[in-house]
>>> print(open('model-v7.pdb').read())   # PDB, C-alpha atoms
ATOM      1  CA  ALA A 181       0.000   0.000   0.000  1.00  0.00           C
ATOM      2  CA  GLN A 182       1.184   3.502  -0.749  1.00  0.00           C
ATOM      3  CA  LYS A 183       2.204   5.518   2.270  1.00  0.00           C
ATOM      4  CA  ILE A 184       1.441   8.839   0.580  1.00  0.00           C
ATOM      5  CA  THR A 185      -1.432   9.225  -1.870  1.00  0.00           C
ATOM      6  CA  GLN A 186      -2.011  12.262  -4.023  1.00  0.00           C
ATOM      7  CA  THR A 187      -5.159  11.582  -6.029  1.00  0.00           C
ATOM      8  CA  GLN A 188      -5.066  14.652  -8.280  1.00  0.00           C
ATOM      9  CA  PRO A 189      -2.590  14.234 -11.168  1.00  0.00           C
ATOM     10  CA  GLY A 190      -3.425  17.718 -12.414  1.00  0.00           C
ATOM     11  CA  MET A 191      -5.237  20.782 -11.128  1.00  0.00           C
ATOM     12  CA  PHE A 192      -6.181  24.069 -12.771  1.00  0.00           C
ATOM     13  CA  VAL A 193      -6.936  27.310 -10.949  1.00  0.00           C
ATOM     14  CA  GLN A 194      -7.645  30.878 -11.943  1.00  0.00           C
ATOM     15  CA  GLU A 195      -5.139  33.485 -10.844  1.00  0.00           C
ATOM     16  CA  LYS A 196      -6.006  35.044  -7.447  1.00  0.00           C
ATOM     17  CA  GLU A 197      -8.256  32.137  -6.464  1.00  0.00           C
ATOM     18  CA  ALA A 198      -7.525  29.570  -3.758  1.00  0.00           C
ATOM     19  CA  VAL A 199      -6.746  25.934  -4.519  1.00  0.00           C
ATOM     20  CA  THR A 200      -6.531  22.800  -2.381  1.00  0.00           C
ATOM     21  CA  LEU A 201      -4.147  19.963  -3.196  1.00  0.00           C
ATOM     22  CA  ASP A 202      -5.045  16.656  -1.576  1.00  0.00           C
ATOM     23  CA  CYS A 203      -2.753  14.328   0.336  1.00  0.00           C
ATOM     24  CA  THR A 204      -3.582  11.280   2.426  1.00  0.00           C
ATOM     25  CA  TYR A 205      -1.046   9.222   4.314  1.00  0.00           C
ATOM     26  CA  ASP A 206      -0.751   5.853   5.950  1.00  0.00           C
ATOM     27  CA  THR A 207       1.244   5.155   9.088  1.00  0.00           C
ATOM     28  CA  SER A 208       0.757   3.305  12.356  1.00  0.00           C
ATOM     29  CA  ASP A 209       3.406   5.295  14.195  1.00  0.00           C
ATOM     30  CA  PRO A 210       2.202   8.170  16.424  1.00  0.00           C
ATOM     31  CA  SER A 211       5.296  10.269  15.652  1.00  0.00           C
ATOM     32  CA  TYR A 212       5.663  11.492  12.093  1.00  0.00           C
ATOM     33  CA  GLY A 213       6.141  14.631  10.060  1.00  0.00           C
ATOM     34  CA  LEU A 214       4.328  15.807   6.962  1.00  0.00           C
ATOM     35  CA  PHE A 215       5.878  18.092   4.342  1.00  0.00           C
ATOM     36  CA  TRP A 216       4.922  19.807   1.130  1.00  0.00           C
ATOM     37  CA  TYR A 217       7.438  20.649  -1.601  1.00  0.00           C
ATOM     38  CA  LYS A 218       7.131  22.596  -4.835  1.00  0.00           C
ATOM     39  CA  GLN A 219       9.018  21.576  -7.965  1.00  0.00           C
ATOM     40  CA  PRO A 220       9.056  24.145 -10.788  1.00  0.00           C
ATOM     41  CA  SER A 221       9.850  23.039 -14.327  1.00  0.00           C
ATOM     42  CA  SER A 222      13.530  23.760 -13.674  1.00  0.00           C
ATOM     43  CA  GLY A 223      13.614  20.741 -11.370  1.00  0.00           C
ATOM     44  CA  GLU A 224      14.683  21.972  -7.942  1.00  0.00           C
ATOM     45  CA  MET A 225      12.596  20.973  -4.937  1.00  0.00           C
ATOM     46  CA  ILE A 226      11.494  23.832  -2.702  1.00  0.00           C
ATOM     47  CA  PHE A 227      10.269  23.178   0.845  1.00  0.00           C
ATOM     48  CA  LEU A 228       6.944  24.902   1.528  1.00  0.00           C
ATOM     49  CA  ILE A 229       5.438  23.813   4.832  1.00  0.00           C
ATOM     50  CA  TYR A 230       5.718  21.290   7.665  1.00  0.00           C
ATOM     51  CA  GLN A 231       3.155  19.715  10.042  1.00  0.00           C
ATOM     52  CA  GLY A 232       4.138  17.514  12.964  1.00  0.00           C
ATOM     53  CA  SER A 233       1.864  14.723  14.113  1.00  0.00           C
ATOM     54  CA  TYR A 234       1.596  16.231  17.591  1.00  0.00           C
ATOM     55  CA  ASP A 235       0.958  19.777  16.424  1.00  0.00           C
ATOM     56  CA  GLN A 236      -2.458  21.024  17.542  1.00  0.00           C
ATOM     57  CA  GLN A 237      -2.666  23.911  15.120  1.00  0.00           C
ATOM     58  CA  ASN A 238      -2.647  23.741  11.342  1.00  0.00           C
ATOM     59  CA  ALA A 239       0.641  24.996   9.915  1.00  0.00           C
ATOM     60  CA  THR A 240       0.707  28.224   7.906  1.00  0.00           C
ATOM     61  CA  GLU A 241       3.483  29.871   5.893  1.00  0.00           C
ATOM     62  CA  GLY A 242       2.427  33.001   4.067  1.00  0.00           C
ATOM     63  CA  ARG A 243      -0.046  31.995   1.335  1.00  0.00           C
ATOM     64  CA  TYR A 244       0.379  28.299   2.177  1.00  0.00           C
ATOM     65  CA  SER A 245      -1.582  26.503   4.840  1.00  0.00           C
ATOM     66  CA  LEU A 246      -1.888  22.853   5.693  1.00  0.00           C
ATOM     67  CA  ASN A 247      -5.333  21.464   6.482  1.00  0.00           C
ATOM     68  CA  PHE A 248      -4.344  18.675   8.888  1.00  0.00           C
ATOM     69  CA  GLN A 249      -7.091  16.169   9.722  1.00  0.00           C
ATOM     70  CA  LYS A 250      -5.348  13.539  11.805  1.00  0.00           C
ATOM     71  CA  ALA A 251      -8.288  11.154  12.200  1.00  0.00           C
ATOM     72  CA  ARG A 252      -8.739  11.074   8.435  1.00  0.00           C
ATOM     73  CA  LYS A 253      -4.974  10.913   7.881  1.00  0.00           C
ATOM     74  CA  SER A 254      -5.108  13.790   5.466  1.00  0.00           C
ATOM     75  CA  ALA A 255      -2.763  16.762   5.051  1.00  0.00           C
ATOM     76  CA  ASN A 256      -4.106  18.941   2.261  1.00  0.00           C
ATOM     77  CA  LEU A 257      -2.177  21.977   1.044  1.00  0.00           C
ATOM     78  CA  VAL A 258      -4.171  25.167   0.560  1.00  0.00           C
ATOM     79  CA  ILE A 259      -2.688  27.906  -1.604  1.00  0.00           C
ATOM     80  CA  SER A 260      -4.522  31.197  -1.265  1.00  0.00           C
ATOM     81  CA  ALA A 261      -4.536  33.963  -3.886  1.00  0.00           C
ATOM     82  CA  SER A 262      -2.840  31.847  -6.575  1.00  0.00           C
ATOM     83  CA  GLN A 263      -0.136  33.466  -8.665  1.00  0.00           C
ATOM     84  CA  LEU A 264       1.181  32.518 -12.102  1.00  0.00           C
ATOM     85  CA  GLY A 265       4.468  31.544 -10.451  1.00  0.00           C
ATOM     86  CA  ASP A 266       2.655  28.881  -8.440  1.00  0.00           C
ATOM     87  CA  SER A 267       2.425  26.726 -11.578  1.00  0.00           C
ATOM     88  CA  ALA A 268       4.555  23.683 -10.714  1.00  0.00           C
ATOM     89  CA  MET A 269       4.496  20.117  -9.426  1.00  0.00           C
ATOM     90  CA  TYR A 270       3.615  19.774  -5.752  1.00  0.00           C
ATOM     91  CA  PHE A 271       4.725  16.811  -3.655  1.00  0.00           C
ATOM     92  CA  CYS A 272       3.446  15.675  -0.294  1.00  0.00           C
ATOM     93  CA  ALA A 273       5.957  13.758   1.838  1.00  0.00           C
ATOM     94  CA  MET A 274       6.012  12.002   5.185  1.00  0.00           C
ATOM     95  CA  ARG A 275       8.828  11.115   7.550  1.00  0.00           C
ATOM     96  CA  GLU A 276       8.184   8.270   9.967  1.00  0.00           C
ATOM     97  CA  PRO A 277      10.506   6.199  12.180  1.00  0.00           C
ATOM     98  CA  SER A 278      12.355   3.361  10.497  1.00  0.00           C
ATOM     99  CA  GLY A 279      15.328   1.586  12.033  1.00  0.00           C
ATOM    100  CA  GLY A 280      16.397   4.511  14.200  1.00  0.00           C
ATOM    101  CA  SER A 281      15.938   7.109  11.498  1.00  0.00           C
ATOM    102  CA  TYR A 282      13.075   8.992   9.885  1.00  0.00           C
ATOM    103  CA  ILE A 283      12.951   7.996   6.250  1.00  0.00           C
ATOM    104  CA  PRO A 284      11.057  10.294   3.887  1.00  0.00           C
ATOM    105  CA  THR A 285       8.407   8.954   1.510  1.00  0.00           C
ATOM    106  CA  PHE A 286       7.007  11.046  -1.309  1.00  0.00           C
ATOM    107  CA  GLY A 287       3.702  10.989  -3.143  1.00  0.00           C
ATOM    108  CA  ARG A 288       3.497  10.998  -6.936  1.00  0.00           C
ATOM    109  CA  GLY A 289       2.750  14.682  -7.081  1.00  0.00           C
ATOM    110  CA  THR A 290       0.083  17.019  -8.408  1.00  0.00           C
ATOM    111  CA  SER A 291       0.679  19.299 -11.359  1.00  0.00           C
ATOM    112  CA  LEU A 292      -0.836  22.732 -10.736  1.00  0.00           C
ATOM    113  CA  ILE A 293      -1.465  25.169 -13.572  1.00  0.00           C
ATOM    114  CA  VAL A 294      -2.503  28.707 -12.748  1.00  0.00           C
ATOM    115  CA  HIS A 295      -4.428  30.484 -15.515  1.00  0.00           C
ATOM    116  CA  PRO A 296      -4.320  34.275 -15.914  1.00  0.00           C
TER
ATOM    117  CA  ASP B 110      25.510  30.757   0.513  1.00  0.00           C
ATOM    118  CA  GLY B 111      25.121  27.240   1.828  1.00  0.00           C
ATOM    119  CA  GLY B 112      23.543  24.637  -0.359  1.00  0.00           C
ATOM    120  CA  ILE B 113      23.810  21.415  -2.311  1.00  0.00           C
ATOM    121  CA  THR B 114      25.663  21.236  -5.599  1.00  0.00           C
ATOM    122  CA  GLN B 115      24.964  18.456  -8.042  1.00  0.00           C
ATOM    123  CA  SER B 116      27.047  17.900 -11.157  1.00  0.00           C
ATOM    124  CA  PRO B 117      26.847  17.500 -14.004  1.00  0.00           C
ATOM    125  CA  LYS B 118      23.445  18.944 -14.880  1.00  0.00           C
ATOM    126  CA  TYR B 119      23.143  16.588 -17.875  1.00  0.00           C
ATOM    127  CA  LEU B 120      24.870  13.244 -18.322  1.00  0.00           C
ATOM    128  CA  PHE B 121      24.849  10.671 -21.074  1.00  0.00           C
ATOM    129  CA  ARG B 122      25.737   7.027 -20.570  1.00  0.00           C
ATOM    130  CA  LYS B 123      26.795   4.478 -23.110  1.00  0.00           C
ATOM    131  CA  GLU B 124      25.712   0.860 -22.844  1.00  0.00           C
ATOM    132  CA  GLY B 125      27.841  -1.067 -20.343  1.00  0.00           C
ATOM    133  CA  GLN B 126      29.324   2.056 -18.841  1.00  0.00           C
ATOM    134  CA  ASN B 127      29.391   3.135 -15.203  1.00  0.00           C
ATOM    135  CA  VAL B 128      28.797   6.816 -14.526  1.00  0.00           C
ATOM    136  CA  THR B 129      29.128   8.808 -11.304  1.00  0.00           C
ATOM    137  CA  LEU B 130      26.897  11.673 -10.228  1.00  0.00           C
ATOM    138  CA  SER B 131      28.402  14.164  -7.850  1.00  0.00           C
ATOM    139  CA  CYS B 132      26.674  15.647  -4.790  1.00  0.00           C
ATOM    140  CA  GLU B 133      28.414  18.118  -2.485  1.00  0.00           C
ATOM    141  CA  GLN B 134      26.896  20.060   0.428  1.00  0.00           C
ATOM    142  CA  ASN B 135      28.315  22.834   2.599  1.00  0.00           C
ATOM    143  CA  LEU B 136      25.436  22.878   5.072  1.00  0.00           C
ATOM    144  CA  ASN B 137      27.243  20.727   7.643  1.00  0.00           C
ATOM    145  CA  HIS B 138      24.397  18.218   7.391  1.00  0.00           C
ATOM    146  CA  ASP B 139      24.831  14.686   8.671  1.00  0.00           C
ATOM    147  CA  ALA B 140      22.179  12.966   6.551  1.00  0.00           C
ATOM    148  CA  MET B 141      22.294  12.755   2.772  1.00  0.00           C
ATOM    149  CA  TYR B 142      19.972  11.043   0.281  1.00  0.00           C
ATOM    150  CA  TRP B 143      19.742  10.076  -3.374  1.00  0.00           C
ATOM    151  CA  TYR B 144      16.407   9.972  -5.183  1.00  0.00           C
ATOM    152  CA  ARG B 145      15.352   8.940  -8.647  1.00  0.00           C
ATOM    153  CA  GLN B 146      12.441  10.723 -10.308  1.00  0.00           C
ATOM    154  CA  ASP B 147      10.577   9.308 -13.297  1.00  0.00           C
ATOM    155  CA  PRO B 148       7.599  11.065 -14.912  1.00  0.00           C
ATOM    156  CA  GLY B 149       4.427  10.459 -12.896  1.00  0.00           C
ATOM    157  CA  GLN B 150       6.272   8.455 -10.243  1.00  0.00           C
ATOM    158  CA  GLY B 151       7.352  11.009  -7.705  1.00  0.00           C
ATOM    159  CA  LEU B 152      10.649  10.543  -5.866  1.00  0.00           C
ATOM    160  CA  ARG B 153      11.963   7.105  -5.026  1.00  0.00           C
ATOM    161  CA  LEU B 154      14.770   6.618  -2.526  1.00  0.00           C
ATOM    162  CA  ILE B 155      17.925   4.932  -3.847  1.00  0.00           C
ATOM    163  CA  TYR B 156      20.384   5.232  -0.947  1.00  0.00           C
ATOM    164  CA  TYR B 157      20.778   7.304   2.173  1.00  0.00           C
ATOM    165  CA  SER B 158      23.544   7.996   4.639  1.00  0.00           C
ATOM    166  CA  GLN B 159      23.183   9.250   8.191  1.00  0.00           C
ATOM    167  CA  ILE B 160      26.885   9.506   8.972  1.00  0.00           C
ATOM    168  CA  VAL B 161      30.276   9.310   7.319  1.00  0.00           C
ATOM    169  CA  ASN B 162      31.346   5.819   6.237  1.00  0.00           C
ATOM    170  CA  ASP B 163      27.826   4.454   6.648  1.00  0.00           C
ATOM    171  CA  PHE B 164      24.933   4.183   4.214  1.00  0.00           C
ATOM    172  CA  GLN B 165      21.759   2.154   3.724  1.00  0.00           C
ATOM    173  CA  LYS B 166      19.808   0.935   0.741  1.00  0.00           C
ATOM    174  CA  GLY B 167      16.544   2.595  -0.120  1.00  0.00           C
ATOM    175  CA  ASP B 168      13.651   1.183  -2.108  1.00  0.00           C
ATOM    176  CA  ILE B 169      15.423   0.915  -5.487  1.00  0.00           C
ATOM    177  CA  ALA B 170      19.135   0.388  -4.751  1.00  0.00           C
ATOM    178  CA  GLU B 171      19.749  -2.342  -7.334  1.00  0.00           C
ATOM    179  CA  GLY B 172      22.166  -1.191 -10.035  1.00  0.00           C
ATOM    180  CA  TYR B 173      23.447   1.730  -7.961  1.00  0.00           C
ATOM    181  CA  SER B 174      26.305   2.223  -5.503  1.00  0.00           C
ATOM    182  CA  VAL B 175      27.357   5.055  -3.194  1.00  0.00           C
ATOM    183  CA  SER B 176      30.154   6.074  -0.868  1.00  0.00           C
ATOM    184  CA  ARG B 177      30.349   8.523   2.036  1.00  0.00           C
ATOM    185  CA  GLU B 178      34.021   9.123   2.759  1.00  0.00           C
ATOM    186  CA  LYS B 179      33.498  12.775   3.667  1.00  0.00           C
ATOM    187  CA  LYS B 180      30.611  14.514   5.387  1.00  0.00           C
ATOM    188  CA  GLU B 181      30.242  16.946   2.486  1.00  0.00           C
ATOM    189  CA  SER B 182      30.165  14.425  -0.341  1.00  0.00           C
ATOM    190  CA  PHE B 183      27.811  11.600  -1.325  1.00  0.00           C
ATOM    191  CA  PRO B 184      28.510  10.470  -4.916  1.00  0.00           C
ATOM    192  CA  LEU B 185      26.165   8.057  -6.685  1.00  0.00           C
ATOM    193  CA  THR B 186      27.446   5.565  -9.265  1.00  0.00           C
ATOM    194  CA  VAL B 187      24.987   4.232 -11.807  1.00  0.00           C
ATOM    195  CA  THR B 188      26.417   0.881 -12.815  1.00  0.00           C
ATOM    196  CA  SER B 189      25.941  -1.083 -16.017  1.00  0.00           C
ATOM    197  CA  ALA B 190      23.655  -3.376 -14.020  1.00  0.00           C
ATOM    198  CA  GLN B 191      21.025  -0.625 -13.970  1.00  0.00           C
ATOM    199  CA  LYS B 192      19.221  -1.417 -17.221  1.00  0.00           C
ATOM    200  CA  ASN B 193      16.922   1.597 -17.271  1.00  0.00           C
ATOM    201  CA  PRO B 194      18.958   4.495 -15.891  1.00  0.00           C
ATOM    202  CA  THR B 195      17.252   7.304 -17.820  1.00  0.00           C
ATOM    203  CA  ALA B 196      15.753   9.545 -15.130  1.00  0.00           C
ATOM    204  CA  PHE B 197      16.170  12.727 -13.121  1.00  0.00           C
ATOM    205  CA  TYR B 198      18.375  12.231 -10.051  1.00  0.00           C
ATOM    206  CA  LEU B 199      18.069  14.414  -6.983  1.00  0.00           C
ATOM    207  CA  CYS B 200      20.419  14.622  -4.030  1.00  0.00           C
ATOM    208  CA  ALA B 201      19.134  15.883  -0.687  1.00  0.00           C
ATOM    209  CA  SER B 202      20.384  16.481   2.821  1.00  0.00           C
ATOM    210  CA  ASN B 203      19.195  17.505   6.245  1.00  0.00           C
ATOM    211  CA  ARG B 204      20.914  18.232   9.526  1.00  0.00           C
ATOM    212  CA  GLU B 205      20.044  14.868  11.001  1.00  0.00           C
ATOM    213  CA  ALA B 206      17.470  12.212  10.490  1.00  0.00           C
ATOM    214  CA  LEU B 207      14.681  13.807  12.549  1.00  0.00           C
ATOM    215  CA  SER B 208      11.061  13.928  11.550  1.00  0.00           C
ATOM    216  CA  ASN B 209      10.726  17.709  11.646  1.00  0.00           C
ATOM    217  CA  GLN B 210      13.646  18.421   9.380  1.00  0.00           C
ATOM    218  CA  PRO B 211      12.792  19.430   5.822  1.00  0.00           C
ATOM    219  CA  GLN B 212      15.238  18.243   3.226  1.00  0.00           C
ATOM    220  CA  HIS B 213      17.397  20.573   1.178  1.00  0.00           C
ATOM    221  CA  PHE B 214      17.733  19.535  -2.449  1.00  0.00           C
ATOM    222  CA  GLY B 215      20.242  20.047  -5.225  1.00  0.00           C
ATOM    223  CA  ASP B 216      19.186  21.106  -8.707  1.00  0.00           C
ATOM    224  CA  GLY B 217      19.366  17.557 -10.044  1.00  0.00           C
ATOM    225  CA  THR B 218      21.153  15.626 -12.786  1.00  0.00           C
ATOM    226  CA  ARG B 219      19.364  14.365 -15.903  1.00  0.00           C
ATOM    227  CA  LEU B 220      20.810  11.066 -17.039  1.00  0.00           C
ATOM    228  CA  SER B 221      20.129   9.646 -20.489  1.00  0.00           C
ATOM    229  CA  ILE B 222      21.324   6.626 -22.435  1.00  0.00           C
ATOM    230  CA  LEU B 223      23.145   7.190 -25.714  1.00  0.00           C
TER
END
>>> encode(input="model-v7.pdb", output="structure tokens")
Amino acid sequence: AQKITQTQPGMFVQEKEAVTLDCTYDTSDPSYGLFWYKQPSSGEMIFLIYQGSYDQQNATEGRYSLNFQKARKSANLVISASQLGDSAMYFCAMREPSGGSYIPTFGRGTSLIVHP
Amino acid sequence: DGGITQSPKYLFRKEGQNVTLSCEQNLNHDAMYWYRQDPGQGLRLIYYSQIVNDFQKGDIAEGYSVSREKKESFPLTVTSAQKNPTAFYLCASNREALSNQPQHFGDGTRLSIL
């Protein structure tokens, strides 16, 4: 079974509107971390936001917020006021304990296109 | 500025040839990782290292080898045993293998077969 599932291969949004990118995860460990990364067409991976499994509040970083629903095991990324520069691939990732370390696992990604 | 440098940006491999991808970081990070990215597949872990002179296999280590002789360097060799090496390779690091540490990534190397 996949540990990270991103069900939306592609998403389209109008400039200045908000968009939600879905991510569900699977783990039996109570201690884990959830991350979102952005990958523009140039290829580099840019860290956006982090949510810890014990965090009570949803994480926010500027226009990015993470809608963390622990019981549903979902960690959706919300981008408010979309900009043309937000067009990119977005990856959800999880780090959970494995053999004394926290090994990251990535989802397959969602391609976001922002229309003017 | 601190960061991760991957070289070369583009690499071409002939049949039966081993090639080595370079990854250097000046972030003083203990943990380093190699990922392979294919279209529509996300990132898959090849190898990782938590400390100098130690490394572990990831999910798709077959056909690859690594070394970690220095903290700053984690080169990846794609051997002739890797029959489908065409992909985008990303190197990453973080301070230590803790759950709340985001990874820093290099700009990647695109490997193709001639």
>>> closest_atom_pairs(input="model-v7.pdb", of="chain B", to="chain A", cutoff="7 Å", atoms="all atoms listed in the file", output="JSON lines")
{"residue": "B:Gly149", "atom": "CA", "partner": "A:Arg288", "partner_atom": "CA", "distance": 6.1}
{"residue": "B:Gln150", "atom": "CA", "partner": "A:Arg288", "partner_atom": "CA", "distance": 5.0}
{"residue": "B:Gly151", "atom": "CA", "partner": "A:Arg288", "partner_atom": "CA", "distance": 3.9}
{"residue": "B:Leu152", "atom": "CA", "partner": "A:Phe286", "partner_atom": "CA", "distance": 5.9}
{"residue": "B:Ala206", "atom": "CA", "partner": "A:Ser281", "partner_atom": "CA", "distance": 5.4}
{"residue": "B:Leu207", "atom": "CA", "partner": "A:Tyr282", "partner_atom": "CA", "distance": 5.7}
{"residue": "B:Ser208", "atom": "CA", "partner": "A:Gly213", "partner_atom": "CA", "distance": 5.2}
{"residue": "B:Asn209", "atom": "CA", "partner": "A:Gly213", "partner_atom": "CA", "distance": 5.7}
{"residue": "B:Pro211", "atom": "CA", "partner": "A:Phe227", "partner_atom": "CA", "distance": 6.7}
{"residue": "B:Phe214", "atom": "CA", "partner": "A:Met225", "partner_atom": "CA", "distance": 5.9}
{"residue": "B:Gly215", "atom": "CA", "partner": "A:Glu224", "partner_atom": "CA", "distance": 6.5}
{"residue": "B:Asp216", "atom": "CA", "partner": "A:Glu224", "partner_atom": "CA", "distance": 4.6}
{"residue": "B:Gly217", "atom": "CA", "partner": "A:Gly223", "partner_atom": "CA", "distance": 6.7}
>>> axis_aligned_box(input="model-v7.pdb", around="region 182-196 of chain B", padding_each_side="8 Å", output="lines of an AutoDock Vina configuration file")
center_x = 23.0
center_y = 5.5
center_z = -9.1
size_x = 30.4
size_y = 33.8
size_z = 33.5
>>> resolve_selection(input="model-v7.pdb", expression="the PyMOL selection byres ((chain B and resi 192) around 12)", output="PyMOL selection string")
chain B and resi 122-127+171-173+187-191+193-196+221-222
>>> residues_around(input="model-v7.pdb", residues="Ser245 (chain A)", least_positions_apart="4", cutoff="10 Å", atoms="only C-alpha atoms", output="PDB file with C-alpha atoms, in the coordinates of the input")
ATOM      1  CA  THR A 200      -6.531  22.800  -2.381  1.00  0.00           C
ATOM      2  CA  LEU A 228       6.944  24.902   1.528  1.00  0.00           C
ATOM      3  CA  ILE A 229       5.438  23.813   4.832  1.00  0.00           C
ATOM      4  CA  TYR A 230       5.718  21.290   7.665  1.00  0.00           C
ATOM      5  CA  GLN A 231       3.155  19.715  10.042  1.00  0.00           C
ATOM      6  CA  ASN A 238      -2.647  23.741  11.342  1.00  0.00           C
ATOM      7  CA  ALA A 239       0.641  24.996   9.915  1.00  0.00           C
ATOM      8  CA  THR A 240       0.707  28.224   7.906  1.00  0.00           C
ATOM      9  CA  GLU A 241       3.483  29.871   5.893  1.00  0.00           C
ATOM     10  CA  ALA A 255      -2.763  16.762   5.051  1.00  0.00           C
ATOM     11  CA  ASN A 256      -4.106  18.941   2.261  1.00  0.00           C
ATOM     12  CA  LEU A 257      -2.177  21.977   1.044  1.00  0.00           C
ATOM     13  CA  VAL A 258      -4.171  25.167   0.560  1.00  0.00           C
ATOM     14  CA  ILE A 259      -2.688  27.906  -1.604  1.00  0.00           C
ATOM     15  CA  SER A 260      -4.522  31.197  -1.265  1.00  0.00           C
TER      16      SER A 260
END
>>> residues_around(input="model-v7.pdb", residues="Val294 (chain A)", least_positions_apart="3", cutoff="10 Å", atoms="all atoms listed in the file", output="list of chain:residue names")
A:Met191, A:Phe192, A:Val193, A:Gln194, A:Glu195, A:Lys196, A:Glu197, A:Val199, A:Ser262, A:Gln263, A:Leu264, A:Gly265, A:Asp266, A:Ser267, A:Ala268
>>> write_last_selection(input="model-v7.pdb", atoms="C-alpha atoms", output="short mmCIF file (atom, residue, chain, number, x, y, z; two decimals), in the coordinates of the input")
data_model
loop_
_atom_site.label_atom_id
_atom_site.label_comp_id
_atom_site.auth_asym_id
_atom_site.auth_seq_id
_atom_site.Cartn_x
_atom_site.Cartn_y
_atom_site.Cartn_z
CA MET A 191 -5.24 20.78 -11.13
CA PHE A 192 -6.18 24.07 -12.77
CA VAL A 193 -6.94 27.31 -10.95
CA GLN A 194 -7.64 30.88 -11.94
CA GLU A 195 -5.14 33.48 -10.84
CA LYS A 196 -6.01 35.04 -7.45
CA GLU A 197 -8.26 32.14 -6.46
CA VAL A 199 -6.75 25.93 -4.52
CA SER A 262 -2.84 31.85 -6.58
CA GLN A 263 -0.14 33.47 -8.66
CA LEU A 264 1.18 32.52 -12.10
CA GLY A 265 4.47 31.54 -10.45
CA ASP A 266 2.66 28.88 -8.44
CA SER A 267 2.42 26.73 -11.58
CA ALA A 268 4.56 23.68 -10.71
#
>>> residues_around(input="model-v7.pdb", residues="Pro117 (chain B)", least_positions_apart="2", cutoff="7 Å", atoms="only C-alpha atoms", output="ChimeraX atom specification")
/B:115,119-120,130,218
>>> atom_distance(input="model-v7.pdb", atom1="CA of Ala140 (chain B)", atom2="CA of Ala201 (chain B)")
8.4 Å
>>> closest_residue(input="model-v7.pdb", among="B:Gly112, B:Ile155, B:His213, B:Val161", to="Gln134 (chain B)", atoms="all atoms listed in the file")
B:Gly112
